[in-house]
Structure formats: C-alpha cells, structure tokens
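Structure file data30.pdb (PDB, C-alpha atoms, pLDDT in the B column) is printed below.
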```
ATOM      1  CA  MET O   1      96.959  43.609 267.732  1.00 87.00           C
ATOM      2  CA  ASP O   2      95.999  42.915 264.137  1.00 96.00           C
ATOM      3  CA  TYR O   3      94.231  39.544 264.403  1.00 96.00           C
ATOM      4  CA  PHE O   4      92.003  37.718 266.842  1.00 97.00           C
ATOM      5  CA  GLU O   5      89.763  34.649 266.967  1.00 97.00           C
ATOM      6  CA  ARG O   6      86.524  34.434 268.916  1.00 97.00           C
ATOM      7  CA  LYS O   7      83.386  32.388 269.457  1.00 97.00           C
ATOM      8  CA  LEU O   8      80.081  34.206 269.511  1.00 97.00           C
ATOM      9  CA  ASP O   9      77.937  33.607 272.560  1.00 96.00           C
ATOM     10  CA  ASP O  10      74.339  32.335 272.342  1.00 96.00           C
ATOM     11  CA  LYS O  11      73.067  35.892 271.795  1.00 96.00           C
ATOM     12  CA  ARG O  12      75.371  36.492 268.771  1.00 96.00           C
ATOM     13  CA  ARG O  13      77.668  38.740 270.807  1.00 96.00           C
ATOM     14  CA  LEU O  14      81.290  39.205 269.840  1.00 97.00           C
ATOM     15  CA  THR O  15      83.695  40.058 272.651  1.00 97.00           C
ATOM     16  CA  ILE O  16      86.257  42.616 271.506  1.00 96.00           C
ATOM     17  CA  PRO O  17      89.728  42.004 272.993  1.00 96.00           C
ATOM     18  CA  THR O  18      90.583  44.323 275.874  1.00 95.00           C
ATOM     19  CA  GLU O  19      93.504  45.791 273.914  1.00 96.00           C
ATOM     20  CA  LEU O  20      91.116  47.036 271.196  1.00 96.00           C
ATOM     21  CA  ARG O  21      88.204  48.398 273.195  1.00 95.00           C
ATOM     22  CA  ASN O  22      89.417  51.996 273.171  1.00 95.00           C
ATOM     23  CA  GLU O  23      89.495  51.825 269.365  1.00 95.00           C
ATOM     24  CA  PHE O  24      85.736  51.162 269.394  1.00 96.00           C
ATOM     25  CA  ALA O  25      84.816  53.618 272.170  1.00 93.00           C
ATOM     26  CA  SER O  26      83.006  55.823 269.598  1.00 94.00           C
ATOM     27  CA  GLY O  27      80.768  52.889 268.634  1.00 96.00           C
ATOM     28  CA  VAL O  28      80.862  50.024 266.143  1.00 97.00           C
ATOM     29  CA  VAL O  29      79.571  49.870 262.572  1.00 97.00           C
ATOM     30  CA  LEU O  30      79.081  46.422 261.051  1.00 97.00           C
ATOM     31  CA  THR O  31      78.277  45.958 257.381  1.00 96.00           C
ATOM     32  CA  ARG O  32      78.790  43.677 254.415  1.00 94.00           C
ATOM     33  CA  GLY O  33      82.274  43.723 252.940  1.00 92.00           C
ATOM     34  CA  PHE O  34      83.481  43.666 249.349  1.00 90.00           C
ATOM     35  CA  GLY O  35      83.233  39.855 249.389  1.00 91.00           C
ATOM     36  CA  GLN O  36      81.325  37.382 251.556  1.00 93.00           C
ATOM     37  CA  TYR O  37      82.704  38.676 254.816  1.00 96.00           C
ATOM     38  CA  LEU O  38      81.898  41.559 257.120  1.00 97.00           C
ATOM     39  CA  HIS O  39      83.548  44.886 257.779  1.00 96.00           C
ATOM     40  CA  MET O  40      83.743  46.215 261.315  1.00 98.00           C
ATOM     41  CA  TYR O  41      84.525  49.922 261.683  1.00 97.00           C
ATOM     42  CA  PRO O  42      84.972  52.146 264.685  1.00 97.00           C
ATOM     43  CA  GLN O  43      82.119  54.676 264.402  1.00 96.00           C
ATOM     44  CA  ASN O  44      84.573  57.580 264.134  1.00 96.00           C
ATOM     45  CA  VAL O  45      86.357  55.895 261.181  1.00 96.00           C
ATOM     46  CA  TRP O  46      83.007  55.288 259.465  1.00 91.00           C
ATOM     47  CA  ASN O  47      82.048  58.942 259.930  1.00 93.00           C
ATOM     48  CA  LYS O  48      85.417  60.336 258.835  1.00 95.00           C
ATOM     49  CA  GLU O  49      86.369  57.997 255.977  1.00 90.00           C
ATOM     50  CA  VAL O  50      83.456  55.892 254.723  1.00 89.00           C
ATOM     51  CA  GLU O  51      80.591  58.393 254.772  1.00 87.00           C
ATOM     52  CA  PRO O  52      82.508  60.963 252.695  1.00 87.00           C
ATOM     53  CA  ALA O  53      83.473  58.225 250.202  1.00 83.00           C
ATOM     54  CA  LEU O  54      79.785  57.314 249.814  1.00 84.00           C
ATOM     55  CA  ASP O  55      78.812  60.903 249.093  1.00 88.00           C
ATOM     56  CA  GLY O  56      78.597  61.945 245.482  1.00 81.00           C
ATOM     57  CA  SER O  57      76.324  62.598 242.573  1.00 82.00           C
ATOM     58  CA  ILE O  58      73.018  60.778 242.724  1.00 78.00           C
ATOM     59  CA  LEU O  59      73.559  59.960 239.053  1.00 88.00           C
ATOM     60  CA  ASP O  60      76.958  58.292 239.592  1.00 87.00           C
ATOM     61  CA  GLU O  61      76.348  54.545 239.365  1.00 90.00           C
ATOM     62  CA  LYS O  62      79.641  53.660 241.094  1.00 89.00           C
ATOM     63  CA  VAL O  63      78.681  55.778 244.086  1.00 87.00           C
ATOM     64  CA  ALA O  64      75.212  54.216 244.096  1.00 89.00           C
ATOM     65  CA  ASP O  65      76.695  50.695 243.978  1.00 87.00           C
ATOM     66  CA  LEU O  66      79.007  51.481 246.911  1.00 85.00           C
ATOM     67  CA  ASN O  67      76.097  52.875 248.898  1.00 84.00           C
ATOM     68  CA  VAL O  68      74.036  49.750 248.300  1.00 85.00           C
ATOM     69  CA  ARG O  69      76.939  47.461 249.213  1.00 84.00           C
ATOM     70  CA  PHE O  70      77.874  49.217 252.443  1.00 83.00           C
ATOM     71  CA  ARG O  71      74.476  50.371 253.656  1.00 87.00           C
ATOM     72  CA  ARG O  72      72.608  47.120 253.026  1.00 86.00           C
ATOM     73  CA  GLY O  73      72.350  45.500 256.426  1.00 85.00           C
ATOM     74  CA  LYS O  74      74.517  48.146 258.110  1.00 93.00           C
ATOM     75  CA  THR O  75      74.182  48.333 261.860  1.00 93.00           C
ATOM     76  CA  SER O  76      75.597  50.904 264.261  1.00 95.00           C
ATOM     77  CA  VAL O  77      75.855  49.819 267.873  1.00 93.00           C
ATOM     78  CA  GLU O  78      77.520  50.853 271.084  1.00 94.00           C
ATOM     79  CA  LEU O  79      80.198  48.648 272.571  1.00 91.00           C
ATOM     80  CA  ASP O  80      79.104  47.174 275.882  1.00 89.00           C
ATOM     81  CA  GLN O  81      81.771  48.876 277.997  1.00 80.00           C
ATOM     82  CA  LYS O  82      81.476  46.418 280.879  1.00 89.00           C
ATOM     83  CA  GLN O  83      82.042  43.229 278.875  1.00 93.00           C
ATOM     84  CA  GLY O  84      83.389  44.708 275.628  1.00 95.00           C
ATOM     85  CA  ARG O  85      80.751  42.969 273.516  1.00 96.00           C
ATOM     86  CA  VAL O  86      78.865  43.870 270.378  1.00 96.00           C
ATOM     87  CA  THR O  87      75.889  41.997 268.929  1.00 96.00           C
ATOM     88  CA  ILE O  88      76.115  40.933 265.290  1.00 97.00           C
ATOM     89  CA  GLU O  89      72.764  40.746 263.511  1.00 96.00           C
ATOM     90  CA  GLN O  90      71.771  37.299 262.218  1.00 96.00           C
ATOM     91  CA  HIS O  91      71.387  38.470 258.601  1.00 95.00           C
ATOM     92  CA  LEU O  92      75.019  39.664 258.600  1.00 96.00           C
ATOM     93  CA  LEU O  93      76.243  36.369 260.040  1.00 97.00           C
ATOM     94  CA  GLU O  94      74.324  34.472 257.364  1.00 96.00           C
ATOM     95  CA  TYR O  95      75.730  36.691 254.617  1.00 95.00           C
ATOM     96  CA  ALA O  96      79.301  35.990 255.755  1.00 96.00           C
ATOM     97  CA  GLY O  97      78.679  32.298 256.452  1.00 96.00           C
ATOM     98  CA  ILE O  98      79.614  32.694 260.105  1.00 97.00           C
ATOM     99  CA  ASP O  99      78.105  30.147 262.431  1.00 94.00           C
ATOM    100  CA  ARG O 100      79.756  30.655 265.793  1.00 94.00           C
ATOM    101  CA  GLU O 101      83.533  30.833 265.381  1.00 97.00           C
ATOM    102  CA  LEU O 102      85.122  33.739 263.570  1.00 98.00           C
ATOM    103  CA  ILE O 103      88.379  35.462 262.885  1.00 97.00           C
ATOM    104  CA  ALA O 104      88.966  39.190 262.698  1.00 97.00           C
ATOM    105  CA  VAL O 105      91.836  40.669 260.709  1.00 97.00           C
ATOM    106  CA  ARG O 106      92.800  44.328 260.644  1.00 97.00           C
ATOM    107  CA  ALA O 107      92.616  45.833 257.170  1.00 96.00           C
ATOM    108  CA  GLY O 108      93.964  49.318 257.767  1.00 95.00           C
ATOM    109  CA  ALA O 109      91.432  51.384 259.704  1.00 95.00           C
ATOM    110  CA  TYR O 110      88.768  48.644 259.804  1.00 96.00           C
ATOM    111  CA  TRP O 111      88.471  44.909 260.471  1.00 98.00           C
ATOM    112  CA  ARG O 112      87.426  42.011 258.252  1.00 97.00           C
ATOM    113  CA  ILE O 113      85.257  39.474 260.038  1.00 98.00           C
ATOM    114  CA  LEU O 114      85.315  35.992 258.483  1.00 97.00           C
ATOM    115  CA  PRO O 115      84.300  32.469 259.409  1.00 96.00           C
ATOM    116  CA  ALA O 116      87.044  30.682 261.334  1.00 93.00           C
ATOM    117  CA  THR O 117      87.272  28.192 258.478  1.00 88.00           C
ATOM    118  CA  ALA O 118      88.114  30.880 255.876  1.00 78.00           C
ATOM    119  CA  ASP O 119      91.521  31.105 254.243  1.00 71.00           C
ATOM    120  CA  VAL O 120      93.041  34.521 254.895  1.00 62.00           C
TER
END
```

Translate this file's structure into structure tokens.
Amino acid sequence: MDYFERKLDDKRRLTIPTELRNEFASGVVLTRGFGQYLHMYPQNVWNKEVEPALDGSILDEKVADLNVRFRRGKTSVELDQKQGRVTIEQHLLEYAGIDRELIAVRAGAYWRILPATADV
C-alpha cells in the first residue's frame, strides 16, 4: 500500500490502515515536510536515516537549516496498537492546512501527509 485517505476523528487521531501498522510498530515521528505538508516516519527509519543526516558540524548552515526544518514541531508518539491510531498535534495540522480529511502518500521510507484537497 502506497496511498490512503482518512478523516481525523474529533481528537485529531489518524487511523493507520491495518496493512501498515507493523511498519509503525517502532513508533511514529511526525514533523514538517519540505513544503506545506507533513512527513510521517516510522521511528526506526527516523533513527536510522534522518538523525544521521541531521548530524554534522555546528557551523554548517545547511545542517542547521535541516535541523530547524525537521525538528520544529516534531513529535514522537507510540501507535495505539488496539485501534492503530496516532494523534497529530494541532500546530502540525495548521502548518499543513489539514482540517479533517487528509491523504497519505508513500515517499520512499516515509509518508507525506497532505490535505485531501491537495494536488499530488
């Protein structure tokens, strides 16, 4: 599965499709993306691929810019194993312009989360 559509519930919870829940068993990292959308990473992908990419010289402005982009508003949460849900913080929803309906598209090892009205 590389794409899904969902409606958030009243508590801003996103239900991950059953077929994808094992992918997020290590946890879920949500953060701002490169544009006005969100990135959703399995915790193990964040730890293995993103964290090392954010490491570097404290004097390297590119590294600093990446750190600011991906750490600003970053949340790490556990997937509710019973219902397969994860709560998305309000500030992240506002950043991405997501009201209630969203789409999620796989982008390699992570997912882009966009408003349902976005052109993908």

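Taken over the whole file, the PyMOL selection byres ((chain O and resi 98) around 10) covers exactly Leu8, Gln36, Tyr37, Leu38, Gln90, Leu92, Leu93, Glu94, Tyr95, Ala96, Gly97, Asp99, Arg100, Glu101, Leu102, Ile103, Ile113, Leu114, Pro115, Ala116, Thr117 and Ala118 of chain O.
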
Can you list what the PyMOL selection byres ((chain O and resi 22) around 12) grabs from this structure, as a PyMOL selection string? chain O and resi 16-21+23-28+42-44+79-81+84

So that all listed atoms of region 64-83 of chain O fit with 3 Å spare on each side, what axis-aligned box centre and edge lengths in Å, to one decimal, would you give as lines of an AutoDock Vina configuration file?
```
center_x = 77.2
center_y = 48.7
center_z = 262.4
size_x = 15.7
size_y = 17.0
size_z = 42.9
```

Tell me, in Å to one decimal, how far CA of Thr15 (chain O) is from CA of Ala53 (chain O). 28.9 Å

Where does the PyMOL selection byres ((chain O and resi 39) around 6) land in this file, that is, which residues does it pick, as a ChimeraX atom specification? /O:30-33,38,40,111-112

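When CA of Lys48 (chain O) is paired with CA of Lys82 (chain O), their separation reads 26.4 Å.
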
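The two atoms in question, CA of Arg13 (chain O) and CA of Val86 (chain O), are spaced 5.3 Å apart.
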
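With all atoms listed in the file as the basis for measurement, O:Val45 is the residue among O:Leu54, O:Val68, O:Val77, O:Val45 that approaches Gly108 (chain O) most closely.
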
Taking all atoms listed in the file into account, name the residue in O:Asp10, O:His91, O:Val63, O:Met1 that is nearest to Arg106 (chain O). O:Met1

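Comparing the minimum interatomic distances between Lys11 (chain O) and each of O:Arg85, O:Arg69, O:Lys74, O:Lys62, counting all atoms listed in the file, we find that O:Arg85 sits nearest.
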
Would you kindly place N, CA and C atoms on region 12-28 of chain O and return the model as a PDB file, in the coordinates of the input?
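What ended up in selection_26.pdb:
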```pdb
ATOM      1  N   ARG O  12      74.649  35.956 269.931  1.00 96.00           N
ATOM      2  CA  ARG O  12      75.371  36.492 268.771  1.00 96.00           C
ATOM      3  C   ARG O  12      76.281  37.661 269.145  1.00 96.00           C
ATOM      4  N   ARG O  13      76.805  37.653 270.358  1.00 96.00           N
ATOM      5  CA  ARG O  13      77.668  38.740 270.807  1.00 96.00           C
ATOM      6  C   ARG O  13      79.131  38.371 270.608  1.00 96.00           C
ATOM      7  N   LEU O  14      79.855  39.324 270.053  1.00 97.00           N
ATOM      8  CA  LEU O  14      81.290  39.205 269.840  1.00 97.00           C
ATOM      9  C   LEU O  14      81.989  40.000 270.926  1.00 97.00           C
ATOM     10  N   THR O  15      82.907  39.370 271.634  1.00 97.00           N
ATOM     11  CA  THR O  15      83.695  40.058 272.651  1.00 97.00           C
ATOM     12  C   THR O  15      84.951  40.621 271.994  1.00 97.00           C
ATOM     13  N   ILE O  16      85.088  41.934 272.054  1.00 96.00           N
ATOM     14  CA  ILE O  16      86.257  42.616 271.506  1.00 96.00           C
ATOM     15  C   ILE O  16      87.404  42.472 272.513  1.00 96.00           C
ATOM     16  N   PRO O  17      88.600  42.117 272.053  1.00 96.00           N
ATOM     17  CA  PRO O  17      89.728  42.004 272.993  1.00 96.00           C
ATOM     18  C   PRO O  17      89.955  43.316 273.760  1.00 96.00           C
ATOM     19  N   THR O  18      90.357  43.175 274.992  1.00 95.00           N
ATOM     20  CA  THR O  18      90.583  44.323 275.874  1.00 95.00           C
ATOM     21  C   THR O  18      91.495  45.356 275.222  1.00 95.00           C
ATOM     22  N   GLU O  19      92.525  44.887 274.522  1.00 96.00           N
ATOM     23  CA  GLU O  19      93.504  45.791 273.914  1.00 96.00           C
ATOM     24  C   GLU O  19      92.898  46.676 272.823  1.00 96.00           C
ATOM     25  N   LEU O  20      91.732  46.305 272.304  1.00 96.00           N
ATOM     26  CA  LEU O  20      91.116  47.036 271.196  1.00 96.00           C
ATOM     27  C   LEU O  20      89.895  47.859 271.595  1.00 96.00           C
ATOM     28  N   ARG O  21      89.466  47.757 272.807  1.00 95.00           N
ATOM     29  CA  ARG O  21      88.204  48.398 273.195  1.00 95.00           C
ATOM     30  C   ARG O  21      88.225  49.915 273.068  1.00 95.00           C
ATOM     31  N   ASN O  22      89.340  50.537 273.335  1.00 95.00           N
ATOM     32  CA  ASN O  22      89.417  51.996 273.171  1.00 95.00           C
ATOM     33  C   ASN O  22      89.216  52.403 271.721  1.00 95.00           C
ATOM     34  N   GLU O  23      89.661  51.558 270.794  1.00 95.00           N
ATOM     35  CA  GLU O  23      89.495  51.825 269.365  1.00 95.00           C
ATOM     36  C   GLU O  23      88.021  51.936 268.986  1.00 95.00           C
ATOM     37  N   PHE O  24      87.167  51.195 269.695  1.00 96.00           N
ATOM     38  CA  PHE O  24      85.736  51.162 269.394  1.00 96.00           C
ATOM     39  C   PHE O  24      84.897  51.957 270.389  1.00 96.00           C
ATOM     40  N   ALA O  25      85.533  52.825 271.163  1.00 93.00           N
ATOM     41  CA  ALA O  25      84.816  53.618 272.170  1.00 93.00           C
ATOM     42  C   ALA O  25      83.764  54.528 271.538  1.00 93.00           C
ATOM     43  N   SER O  26      83.965  54.945 270.281  1.00 94.00           N
ATOM     44  CA  SER O  26      83.006  55.823 269.598  1.00 94.00           C
ATOM     45  C   SER O  26      81.779  55.062 269.096  1.00 94.00           C
ATOM     46  N   GLY O  27      81.836  53.741 269.146  1.00 96.00           N
ATOM     47  CA  GLY O  27      80.768  52.889 268.634  1.00 96.00           C
ATOM     48  C   GLY O  27      81.322  51.942 267.578  1.00 96.00           C
ATOM     49  N   VAL O  28      80.464  51.047 267.101  1.00 97.00           N
ATOM     50  CA  VAL O  28      80.862  50.024 266.143  1.00 97.00           C
ATOM     51  C   VAL O  28      79.872  50.022 264.985  1.00 97.00           C
TER      52      VAL O  28
END
```
